[in-house]
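Asker: Input final_19.txt, format and content: compact mmCIF, C-alpha atoms.
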```
# COMPACT_ATOMS: atom_id res chain seq x y z
CA MET A 1 64.52 -50.67 -0.68
CA THR A 2 61.74 -48.49 0.70
CA THR A 3 58.46 -49.67 2.01
CA ASN A 4 55.21 -47.71 2.13
CA PRO A 5 54.02 -46.82 5.64
CA PRO A 6 51.13 -48.82 6.88
CA ARG A 7 47.81 -47.34 5.86
CA ILE A 8 45.63 -46.14 8.68
CA PRO A 9 42.07 -47.27 8.21
CA THR A 10 39.52 -44.45 8.17
CA ARG A 11 35.83 -44.58 8.57
CA SER A 12 33.82 -43.53 5.55
CA ARG A 13 31.04 -40.94 5.80
CA THR A 14 28.42 -43.60 5.36
CA ASP A 15 29.72 -45.80 8.18
CA ARG A 16 27.59 -45.92 11.26
CA PRO A 17 28.95 -44.37 14.46
CA PRO A 18 30.34 -46.78 17.01
CA ALA A 19 27.82 -48.43 19.22
CA ASP A 20 29.37 -46.99 22.36
CA GLU A 21 28.81 -43.36 21.21
CA PRO A 22 26.07 -41.86 23.38
CA ALA A 23 22.71 -41.42 21.62
CA GLU A 24 22.35 -37.97 23.19
CA SER A 25 25.50 -36.69 21.51
CA ARG A 26 24.37 -38.01 18.13
CA ALA A 27 20.99 -36.30 18.53
CA ALA A 28 22.66 -33.03 19.53
CA LEU A 29 24.95 -33.24 16.49
CA GLN A 30 21.98 -33.79 14.20
CA ASN A 31 20.14 -30.82 15.72
CA ARG A 32 23.15 -28.56 15.19
CA LEU A 33 23.50 -29.71 11.59
CA SER A 34 19.77 -29.11 11.00
CA ALA A 35 19.97 -25.60 12.48
CA LEU A 36 23.06 -24.82 10.38
CA THR A 37 21.31 -26.01 7.22
CA THR A 38 18.27 -23.85 8.01
CA ARG A 39 20.46 -20.77 8.55
CA ILE A 40 22.28 -21.39 5.28
CA GLN A 41 19.02 -21.76 3.36
CA LEU A 42 17.57 -18.64 4.99
CA GLY A 43 20.71 -16.68 4.22
CA ARG A 44 20.60 -17.76 0.59
CA SER A 45 16.94 -16.79 0.26
CA MET A 46 17.57 -13.37 1.79
CA THR A 47 20.65 -12.59 -0.25
CA SER A 48 18.78 -13.55 -3.43
CA GLU A 49 16.51 -10.50 -3.06
CA SER A 50 17.36 -7.18 -4.66
CA ALA A 51 18.25 -3.91 -2.97
CA ASN A 52 14.95 -2.45 -4.20
CA TYR A 53 13.09 -5.25 -2.43
CA PHE A 54 14.75 -4.60 0.93
CA LEU A 55 14.48 -0.81 0.57
CA LEU A 56 10.76 -0.97 -0.15
CA LEU A 57 10.21 -3.49 2.63
CA GLY A 58 12.20 -1.43 5.13
CA VAL A 59 10.45 1.86 4.35
CA THR A 60 7.05 0.17 4.50
CA LEU A 61 7.65 -1.52 7.85
CA PHE A 62 9.03 1.69 9.36
CA MET A 63 5.98 3.66 8.20
CA VAL A 64 3.61 1.02 9.56
CA VAL A 65 5.27 1.02 13.00
CA PHE A 66 5.42 4.82 13.02
CA GLY A 67 1.74 4.92 12.08
CA LEU A 68 0.78 2.60 14.94
CA VAL A 69 2.61 4.84 17.41
CA MET A 70 0.84 7.94 16.09
CA VAL A 71 -2.55 6.21 16.04
CA LEU A 72 -2.07 5.28 19.69
CA SER A 73 -1.10 8.83 20.58
CA SER A 74 -3.82 10.58 18.57
CA SER A 75 -6.72 8.25 19.40
CA ALA A 76 -6.20 7.59 23.11
CA VAL A 77 -8.53 10.32 24.38
CA GLU A 78 -11.37 9.61 21.96
CA SER A 79 -10.98 5.88 22.61
CA HIS A 80 -11.43 6.49 26.31
CA ASN A 81 -14.49 8.67 25.69
CA ASP A 82 -16.07 6.04 23.43
CA SER A 83 -15.25 2.80 25.25
CA ASP A 84 -13.54 3.72 28.53
CA ASN A 85 -10.38 2.16 27.09
CA PHE A 86 -7.42 4.25 25.98
CA PHE A 87 -6.18 1.48 23.66
CA SER A 88 -9.36 0.37 21.85
CA ARG A 89 -8.67 2.06 18.51
CA PHE A 90 -5.00 1.17 18.72
CA TRP A 91 -5.79 -2.52 19.29
CA SER A 92 -8.17 -2.44 16.34
CA GLN A 93 -5.55 -0.88 14.07
CA GLY A 94 -2.94 -3.30 15.34
CA ALA A 95 -5.19 -6.25 14.56
CA TYR A 96 -5.69 -5.06 11.00
CA THR A 97 -1.94 -4.58 10.69
CA LEU A 98 -1.33 -8.14 11.88
CA VAL A 99 -3.66 -9.28 9.09
CA GLY A 100 -1.99 -7.08 6.49
CA LEU A 101 1.61 -8.08 7.25
CA PRO A 102 1.33 -11.80 6.43
CA LEU A 103 -0.87 -10.98 3.45
CA MET A 104 1.85 -8.65 2.15
CA PHE A 105 4.51 -11.37 2.41
CA VAL A 106 2.23 -14.01 0.88
CA VAL A 107 1.35 -11.74 -2.03
CA SER A 108 5.04 -10.97 -2.57
CA ARG A 109 5.52 -14.68 -3.41
CA ILE A 110 2.63 -14.91 -5.88
CA PRO A 111 3.74 -15.15 -9.54
CA ARG A 112 2.51 -12.68 -12.10
CA GLY A 113 0.50 -15.29 -13.93
CA PHE A 114 -1.96 -15.54 -11.04
CA TRP A 115 -2.99 -11.90 -11.39
CA LYS A 116 -3.32 -12.13 -15.15
CA LYS A 117 -5.70 -15.09 -14.85
CA SER A 118 -7.82 -13.95 -11.92
CA ILE A 119 -7.98 -10.15 -12.09
CA TRP A 120 -11.30 -9.96 -13.95
CA PHE A 121 -12.94 -12.04 -11.22
CA LEU A 122 -11.31 -10.00 -8.44
CA LEU A 123 -12.41 -6.69 -9.95
CA ALA A 124 -15.96 -7.99 -10.44
CA ALA A 125 -16.08 -9.20 -6.83
CA ALA A 126 -14.90 -5.81 -5.51
CA CYS A 127 -17.50 -3.98 -7.60
CA PHE A 128 -20.19 -6.39 -6.38
CA LEU A 129 -19.37 -5.46 -2.77
CA GLN A 130 -19.75 -1.78 -3.68
CA VAL A 131 -23.14 -2.54 -5.22
CA LEU A 132 -24.16 -4.13 -1.91
CA VAL A 133 -23.19 -0.89 -0.20
CA LEU A 134 -25.37 1.17 -2.53
CA LEU A 135 -28.43 -1.04 -2.86
CA THR A 136 -28.78 -3.08 0.35
CA PRO A 137 -29.24 -2.33 4.05
CA LEU A 138 -25.70 -3.59 4.60
CA GLY A 139 -24.41 -0.25 3.31
CA MET A 140 -23.52 2.32 5.97
CA GLU A 141 -23.19 6.09 5.66
CA ILE A 142 -20.48 8.00 7.52
CA GLY A 143 -19.92 11.72 7.15
CA GLY A 144 -22.34 11.99 4.24
CA ASN A 145 -20.60 9.22 2.25
CA ARG A 146 -22.23 5.82 1.75
CA ASN A 147 -19.13 3.74 1.13
CA TRP A 148 -18.95 1.29 4.03
CA LEU A 149 -20.22 -2.26 4.26
CA LYS A 150 -21.22 -3.45 7.73
CA ILE A 151 -21.46 -7.20 8.30
CA GLY A 152 -22.08 -7.90 11.97
CA SER A 153 -19.39 -6.10 13.95
CA LEU A 154 -17.08 -5.90 10.93
CA THR A 155 -16.99 -2.70 8.86
CA VAL A 156 -15.10 -2.67 5.56
CA GLN A 157 -14.71 -0.21 2.69
CA PRO A 158 -15.16 -1.91 -0.71
CA SER A 159 -13.75 1.11 -2.54
CA GLU A 160 -10.31 0.14 -1.21
CA ALA A 161 -10.71 -3.31 -2.75
CA ILE A 162 -11.77 -1.68 -6.03
CA LYS A 163 -8.62 0.47 -6.05
CA LEU A 164 -6.47 -2.59 -5.42
CA ALA A 165 -8.13 -4.64 -8.17
CA LEU A 166 -8.16 -1.71 -10.56
CA VAL A 167 -4.40 -1.10 -10.50
CA VAL A 168 -3.71 -4.74 -11.37
CA TRP A 169 -6.46 -4.79 -14.01
CA LEU A 170 -4.97 -1.71 -15.68
CA GLY A 171 -1.56 -3.37 -15.73
CA VAL A 172 -2.94 -6.52 -17.36
CA VAL A 173 -5.05 -4.74 -19.99
CA LEU A 174 -2.57 -2.03 -20.94
CA ALA A 175 0.27 -4.55 -21.17
CA ARG A 176 -1.74 -6.61 -23.64
CA LYS A 177 -2.57 -3.52 -25.68
CA ARG A 178 0.91 -1.98 -25.60
CA ASP A 179 1.33 -2.22 -29.40
CA VAL A 180 -1.95 -0.43 -30.21
CA LEU A 181 -2.07 2.27 -27.55
CA ASP A 182 -1.38 4.93 -30.17
CA GLN A 183 -4.99 4.46 -31.33
CA TRP A 184 -7.60 6.17 -29.18
CA LYS A 185 -10.16 3.40 -29.67
CA HIS A 186 -7.88 0.85 -28.03
CA VAL A 187 -7.23 3.29 -25.18
CA ALA A 188 -10.91 3.97 -24.64
CA ILE A 189 -11.99 0.33 -24.79
CA PRO A 190 -12.14 -1.28 -22.30
CA VAL A 191 -10.59 1.37 -19.99
CA VAL A 192 -13.49 3.82 -20.17
CA PRO A 193 -16.41 1.40 -19.59
CA ILE A 194 -14.70 -0.88 -17.04
CA ALA A 195 -12.48 1.53 -15.11
CA GLY A 196 -15.00 4.35 -15.52
CA GLY A 197 -17.77 2.10 -14.27
CA ALA A 198 -15.75 1.17 -11.17
CA VAL A 199 -15.11 4.85 -10.45
CA ALA A 200 -18.80 5.64 -10.96
CA LEU A 201 -19.80 3.06 -8.36
CA VAL A 202 -17.63 4.78 -5.76
CA LEU A 203 -18.84 8.22 -6.83
CA LEU A 204 -22.47 7.14 -6.35
CA GLY A 205 -21.62 6.64 -2.70
CA GLY A 206 -20.58 10.28 -2.47
CA ASP A 207 -16.86 9.74 -1.79
CA LEU A 208 -15.28 12.40 -4.01
CA GLY A 209 -11.83 12.02 -2.42
CA THR A 210 -11.51 8.31 -3.25
CA THR A 211 -12.95 9.00 -6.71
CA MET A 212 -10.21 11.55 -7.40
CA ILE A 213 -7.52 9.11 -6.28
CA MET A 214 -8.94 6.44 -8.59
CA ALA A 215 -9.05 8.86 -11.52
CA ALA A 216 -5.43 9.84 -10.83
CA LEU A 217 -4.18 6.24 -10.74
CA ILE A 218 -5.97 5.50 -14.04
CA LEU A 219 -4.29 8.48 -15.70
CA GLY A 220 -0.95 7.48 -14.14
CA ALA A 221 -1.24 3.95 -15.51
CA LEU A 222 -2.04 5.32 -18.97
CA PHE A 223 0.97 7.65 -18.82
CA PHE A 224 3.46 4.95 -17.85
CA ALA A 225 1.92 2.58 -20.41
CA GLY A 226 2.99 5.01 -23.14
CA VAL A 227 -0.37 6.48 -24.15
CA ARG A 228 -0.05 9.59 -26.30
CA MET A 229 -0.02 12.87 -24.42
CA ARG A 230 -2.98 14.36 -26.26
CA PHE A 231 -5.13 11.47 -25.09
CA LEU A 232 -4.00 12.08 -21.52
CA VAL A 233 -4.67 15.83 -21.73
CA THR A 234 -8.15 15.06 -22.98
CA GLY A 235 -8.68 12.70 -20.08
CA VAL A 236 -7.48 15.28 -17.55
CA VAL A 237 -9.87 17.89 -18.97
CA VAL A 238 -12.80 15.47 -18.87
CA VAL A 239 -12.03 14.43 -15.29
CA GLY A 240 -11.64 18.06 -14.23
CA VAL A 241 -14.99 19.09 -15.73
CA MET A 242 -16.75 16.12 -14.13
CA ALA A 243 -15.16 16.85 -10.75
CA PHE A 244 -16.32 20.46 -10.96
CA PHE A 245 -19.94 19.54 -11.58
CA VAL A 246 -19.87 16.85 -8.91
CA ALA A 247 -18.44 19.36 -6.41
CA ILE A 248 -21.14 21.97 -7.01
CA SER A 249 -23.93 19.39 -6.95
CA SER A 250 -23.73 18.98 -3.17
CA ALA A 251 -24.28 21.59 -0.49
CA SER A 252 -21.78 19.79 1.75
CA ARG A 253 -19.04 19.95 -0.90
CA LEU A 254 -19.81 23.61 -1.63
CA GLY A 255 -19.46 24.30 2.07
CA ARG A 256 -16.05 22.63 2.13
CA ILE A 257 -14.91 24.79 -0.78
CA ALA A 258 -16.23 27.90 0.98
CA ALA A 259 -14.43 26.91 4.19
CA LEU A 260 -11.17 26.64 2.27
CA PHE A 261 -11.40 30.33 1.34
CA GLY A 262 -12.43 31.51 4.80
CA GLY A 263 -16.19 31.25 4.37
CA ALA A 264 -18.64 29.34 6.52
CA SER A 265 -20.10 25.98 5.65
CA ALA A 266 -23.81 26.11 6.41
CA ALA A 267 -24.32 22.43 5.57
CA ASN A 268 -21.44 21.21 7.71
CA PRO A 269 -20.16 23.74 10.28
CA ASP A 270 -17.70 21.17 11.66
CA VAL A 271 -15.55 21.64 8.54
CA ASN A 272 -14.52 25.15 9.62
CA TRP A 273 -13.84 23.87 13.13
CA GLN A 274 -11.71 21.03 11.77
CA ILE A 275 -9.66 23.25 9.44
CA ASP A 276 -9.02 25.86 12.13
CA ASN A 277 -7.97 23.35 14.77
CA GLY A 278 -5.74 21.63 12.24
CA PHE A 279 -3.93 24.94 11.78
CA TYR A 280 -3.73 25.45 15.55
CA ALA A 281 -2.16 22.01 15.98
CA LEU A 282 0.49 22.64 13.35
CA ALA A 283 1.24 26.11 14.69
CA SER A 284 1.59 24.97 18.31
CA GLY A 285 4.07 22.27 17.31
CA GLY A 286 6.76 24.69 16.20
CA VAL A 287 10.05 23.20 15.06
CA PHE A 288 10.54 20.44 17.63
CA GLY A 289 6.94 19.77 18.70
CA VAL A 290 5.35 19.55 22.14
CA GLY A 291 6.45 15.94 22.59
CA LEU A 292 5.01 12.56 21.69
CA GLY A 293 1.69 12.08 23.48
CA ASN A 294 1.41 15.73 24.58
CA SER A 295 -0.98 17.00 21.92
CA HIS A 296 -3.75 19.33 23.10
CA SER A 297 -5.77 19.11 19.90
CA LYS A 298 -6.52 15.40 20.34
CA TRP A 299 -8.54 16.23 23.49
CA SER A 300 -11.75 16.39 21.42
CA TRP A 301 -10.70 19.62 19.69
CA LEU A 302 -9.67 18.19 16.32
CA PRO A 303 -12.16 15.84 14.59
CA ALA A 304 -10.70 12.76 12.85
CA ALA A 305 -7.39 13.25 14.66
CA ASP A 306 -6.33 9.63 14.12
CA THR A 307 -7.55 9.32 10.51
CA ASP A 308 -7.82 12.18 8.03
CA PHE A 309 -6.00 14.78 10.18
CA ILE A 310 -3.30 12.62 11.75
CA PHE A 311 -0.66 14.71 9.96
CA ALA A 312 -1.75 17.70 12.11
CA ILE A 313 -1.12 15.65 15.27
CA ILE A 314 2.29 14.64 13.88
CA GLY A 315 3.12 18.29 13.30
CA GLU A 316 1.97 19.23 16.79
CA GLU A 317 3.73 16.48 18.75
CA LEU A 318 6.86 16.04 16.61
CA GLY A 319 7.02 19.54 15.14
CA LEU A 320 8.33 20.62 11.77
CA ILE A 321 11.06 17.97 11.98
CA GLY A 322 8.52 15.16 12.35
CA ALA A 323 6.43 16.51 9.48
CA ILE A 324 9.49 16.68 7.23
CA VAL A 325 10.41 13.10 8.17
CA VAL A 326 6.96 11.95 7.03
CA LEU A 327 7.37 13.81 3.75
CA LEU A 328 10.80 12.24 3.24
CA LEU A 329 9.36 8.77 3.87
CA PHE A 330 6.89 9.22 1.03
CA VAL A 331 9.64 10.65 -1.17
CA MET A 332 11.71 7.52 -0.47
CA LEU A 333 8.68 5.37 -1.25
CA ALA A 334 8.27 7.13 -4.61
CA VAL A 335 11.98 6.73 -5.40
CA VAL A 336 11.85 2.99 -4.73
CA PHE A 337 8.78 2.63 -6.92
CA LEU A 338 10.55 4.46 -9.74
CA ARG A 339 13.62 2.25 -9.34
CA ILE A 340 11.48 -0.87 -9.60
CA ILE A 341 9.71 0.53 -12.67
CA HIS A 342 13.07 1.30 -14.28
CA SER A 343 14.52 -2.15 -13.53
CA SER A 344 11.52 -4.11 -14.79
CA THR A 345 11.21 -5.27 -18.40
CA ASP A 346 7.66 -6.60 -18.08
CA PRO A 347 5.03 -4.01 -19.19
CA PHE A 348 2.51 -5.51 -16.76
CA ALA A 349 4.84 -5.00 -13.80
CA ARG A 350 5.78 -1.48 -14.91
CA VAL A 351 2.21 -0.25 -15.37
CA THR A 352 0.92 -1.87 -12.19
CA THR A 353 3.78 -0.50 -10.10
CA ALA A 354 3.22 2.95 -11.58
CA ALA A 355 -0.50 2.84 -10.78
CA ILE A 356 0.22 1.78 -7.18
CA MET A 357 2.78 4.58 -6.87
CA VAL A 358 0.28 7.20 -8.08
CA TRP A 359 -2.33 5.76 -5.71
CA LEU A 360 -0.23 5.85 -2.53
CA ILE A 361 1.84 8.96 -3.19
CA GLY A 362 -1.13 10.84 -4.67
CA GLN A 363 -3.30 9.97 -1.68
CA ALA A 364 -0.58 11.13 0.70
CA PHE A 365 -0.32 14.41 -1.23
CA VAL A 366 -4.10 14.94 -1.00
CA ASN A 367 -4.20 14.15 2.73
CA ILE A 368 -1.33 16.49 3.58
CA ALA A 369 -2.65 19.22 1.27
CA VAL A 370 -6.00 19.10 3.07
CA VAL A 371 -4.34 19.50 6.49
CA LEU A 372 -2.23 22.40 5.18
CA GLY A 373 -5.34 24.10 3.76
CA VAL A 374 -4.23 23.89 0.13
CA ILE A 375 -7.32 21.99 -1.10
CA PRO A 376 -10.82 21.45 0.38
CA VAL A 377 -11.41 18.70 2.93
CA LEU A 378 -11.83 15.43 0.99
CA GLY A 379 -11.53 12.78 3.68
CA VAL A 380 -8.79 10.43 2.51
CA PRO A 381 -6.40 8.74 4.98
CA LEU A 382 -2.63 9.04 5.04
CA PRO A 383 -1.41 5.71 3.60
CA LEU A 384 0.24 3.29 6.05
CA ILE A 385 -0.03 5.85 8.88
CA SER A 386 -3.67 6.85 9.46
CA ALA A 387 -6.13 4.64 11.30
CA GLY A 388 -8.34 2.61 8.99
CA GLY A 389 -8.28 -1.16 8.73
CA THR A 390 -9.38 -1.70 5.13
CA ALA A 391 -7.08 1.05 3.88
CA MET A 392 -4.13 -0.44 5.76
CA ILE A 393 -4.71 -3.96 4.43
CA SER A 394 -5.24 -2.84 0.83
CA SER A 395 -2.13 -0.65 0.91
CA MET A 396 0.01 -3.47 2.28
CA ILE A 397 -1.30 -5.93 -0.30
CA ALA A 398 -0.52 -3.40 -3.04
CA ILE A 399 3.04 -3.07 -1.74
CA GLY A 400 3.25 -6.86 -1.59
CA ILE A 401 2.44 -6.95 -5.32
CA VAL A 402 5.28 -4.50 -6.01
CA LEU A 403 7.60 -6.58 -3.82
CA SER A 404 6.80 -9.62 -5.98
CA PHE A 405 7.74 -7.62 -9.08
CA ALA A 406 11.04 -6.58 -7.46
CA ARG A 407 11.83 -10.21 -6.58
CA GLN A 408 11.02 -11.58 -10.00
CA SER A 409 12.81 -8.80 -11.88
CA HIS A 410 15.94 -9.38 -9.79
CA ARG A 411 15.87 -13.13 -10.43
CA GLU A 412 15.35 -12.57 -14.15
CA SER A 413 18.38 -10.26 -14.22
CA LEU A 414 20.46 -12.90 -12.43
CA ALA A 415 19.30 -15.62 -14.79
CA ALA A 416 19.91 -13.59 -17.98
CA PRO A 417 23.73 -14.15 -18.09
CA GLU A 418 23.26 -17.89 -17.55
CA ILE A 419 20.73 -18.05 -20.38
CA ALA A 420 23.07 -16.07 -22.64
CA ARG A 421 25.98 -18.40 -21.89
CA ALA A 422 23.82 -21.44 -22.52
CA GLY A 423 22.76 -20.01 -25.86
CA ALA A 424 26.38 -19.27 -26.79
CA ARG A 425 27.42 -22.86 -26.01
CA ARG A 426 24.71 -24.14 -28.33
```
Could you spell out this file's structure in structure tokens?
Answerer:
Amino acid sequence: MTTNPPRIPTRSRTDRPPADEPAESRAALQNRLSALTTRIQLGRSMTSESANYFLLLGVTLFMVVFGLVMVLSSSAVESHNDSDNFFSRFWSQGAYTLVGLPLMFVVSRIPRGFWKKSIWFLLAAACFLQVLVLLTPLGMEIGGNRNWLKIGSLTVQPSEAIKLALVVWLGVVLARKRDVLDQWKHVAIPVVPIAGGAVALVLLGGDLGTTMIMAALILGALFFAGVRMRFLVTGVVVVGVMAFFVAISSASRLGRIAALFGGASAANPDVNWQIDNGFYALASGGVFGVGLGNSHSKWSWLPAADTDFIFAIIGEELGLIGAIVVLLLFVMLAVVFLRIIHSSTDPFARVTTAAIMVWLIGQAFVNIAVVLGVIPVLGVPLPLISAGGTAMISSMIAIGIVLSFARQSHRESLAAPEIARAGARR
């Protein structure tokens, strides 16, 4: 006859620890468990994002850090001349970046429904700020363009807010009209009066460069929305004719065109000086550059060295290799945008992402083309790299919107098999 061994009593998980166990050890155990739980939750949240999300985030953060380094290098001399502080412009750009970074992450968590409900108000508010620039003493003119709003010590550019609101507005409107975009009336209304009116407000301030970028992103949104090609060709012709007449209507713009072909700009002689010194900077850089911080052109030879012509300083200090790296960064940015467009099934997300891609990549193309002497000087910054607080914040918010699309598209793709299995069980 066999007997069962005596059962050893065990303490259940809900039993309280013995009274003689030190309180310090229990508190330490709870802290370790809390930290472990936090790490597990953080790991799950990070692994739930898509590869497109991390690729876009990584490229963006690298470009922002690279831009801060180049702003510090290119602006140090002028900062010292203006304020007796080598770091004044760098600190200003860094402060705007510290505002843009959390905004980018917050926006990346905003659902699509928020934009669809609030975009009309946001676009109207941005246009109202531009009206204040044009019609009130708060407007400020820089370089012949009246496109800045000065409130106390703060200077902002409402045209950047208009670009940001416009790309989302185009996504909302064109997504709703996706079934009737083969009819020109539905393409023209409300795109022509609303988007055209927003562009006209910026053009009234004299900023032809920003106007061209806005026209390009509108055409890009229409293309990715599936508008017929003959409508797009008509739009390109109309925009080209209008740009021609706007260009010849100003002596300053005619001078910039003349300077491009080797002539002299009587209205703005500094344009010839800027173009020539931009060439000198690129030529002196060679293949490997003169070294970070060793530029000669930034010593008051090259105007706008930290903004519109920062690519020339990159070419001088980092050489041909540095310039190619910048080009590759924008190519990578375009590739990620295209991947997100391809992976998304929501027309709103596709059109908005496409418009943001045309905005950022098109603006980079214009900036670099100006420095290389391919097109006349237009005065647009290099996205995420040039100095300019409003431009930096608007660009980072735009990328935050695309990050939100990447997150939501990835989660929808993960949820699709579960939904299919649930439907099959029913």
Asker: Skipping near chain neighbours, those fewer than 3 positions away, what residues fall within 10 Å of stretch 252-264 of chain A using all atoms listed in the file, listed as a list in words?
Answerer: Gly143, Gly144, Gly206, Leu208, Val246, Ala247, Ile248, Ser249, Ala267, Asn268, Pro269, Asp270, Val271, Asn272, Trp273, Gln274, Ile275, Asp276, Val370, Gly373, Val374, Ile375, Pro376, Val377 and Leu378 of chain A
Asker: So, counting only C-alpha atoms, which residue among A:Ser79, A:Ser73, A:Ser50, A:Thr210 is closest to A:Ile314?
Answerer: A:Ser73
Asker: Which one is closest to A:Phe337: A:Leu57, A:Ser386, A:Leu135, A:Met214? Count all atoms listed in the file.
Answerer: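 Of all the options, A:Leu57 lies closest to A:Phe337.
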Asker: For A:Trp120, which residue among A:Gly315, A:Val69, A:Gly152, A:Ile194 is the nearest when counting all atoms listed in the file?
Answerer: A:Ile194
Asker: Rounded to one decimal place, report the atom CA of A:Trp299-atom CA of A:Trp91 distance in Å.
Answerer: 19.4 Å
Asker: Quote the spacing between atom CA of A:Val156 and atom CA of A:Gly389 in Å to one decimal place.
Answerer: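 Atom CA of A:Gly389 lies 7.7 Å from atom CA of A:Val156.
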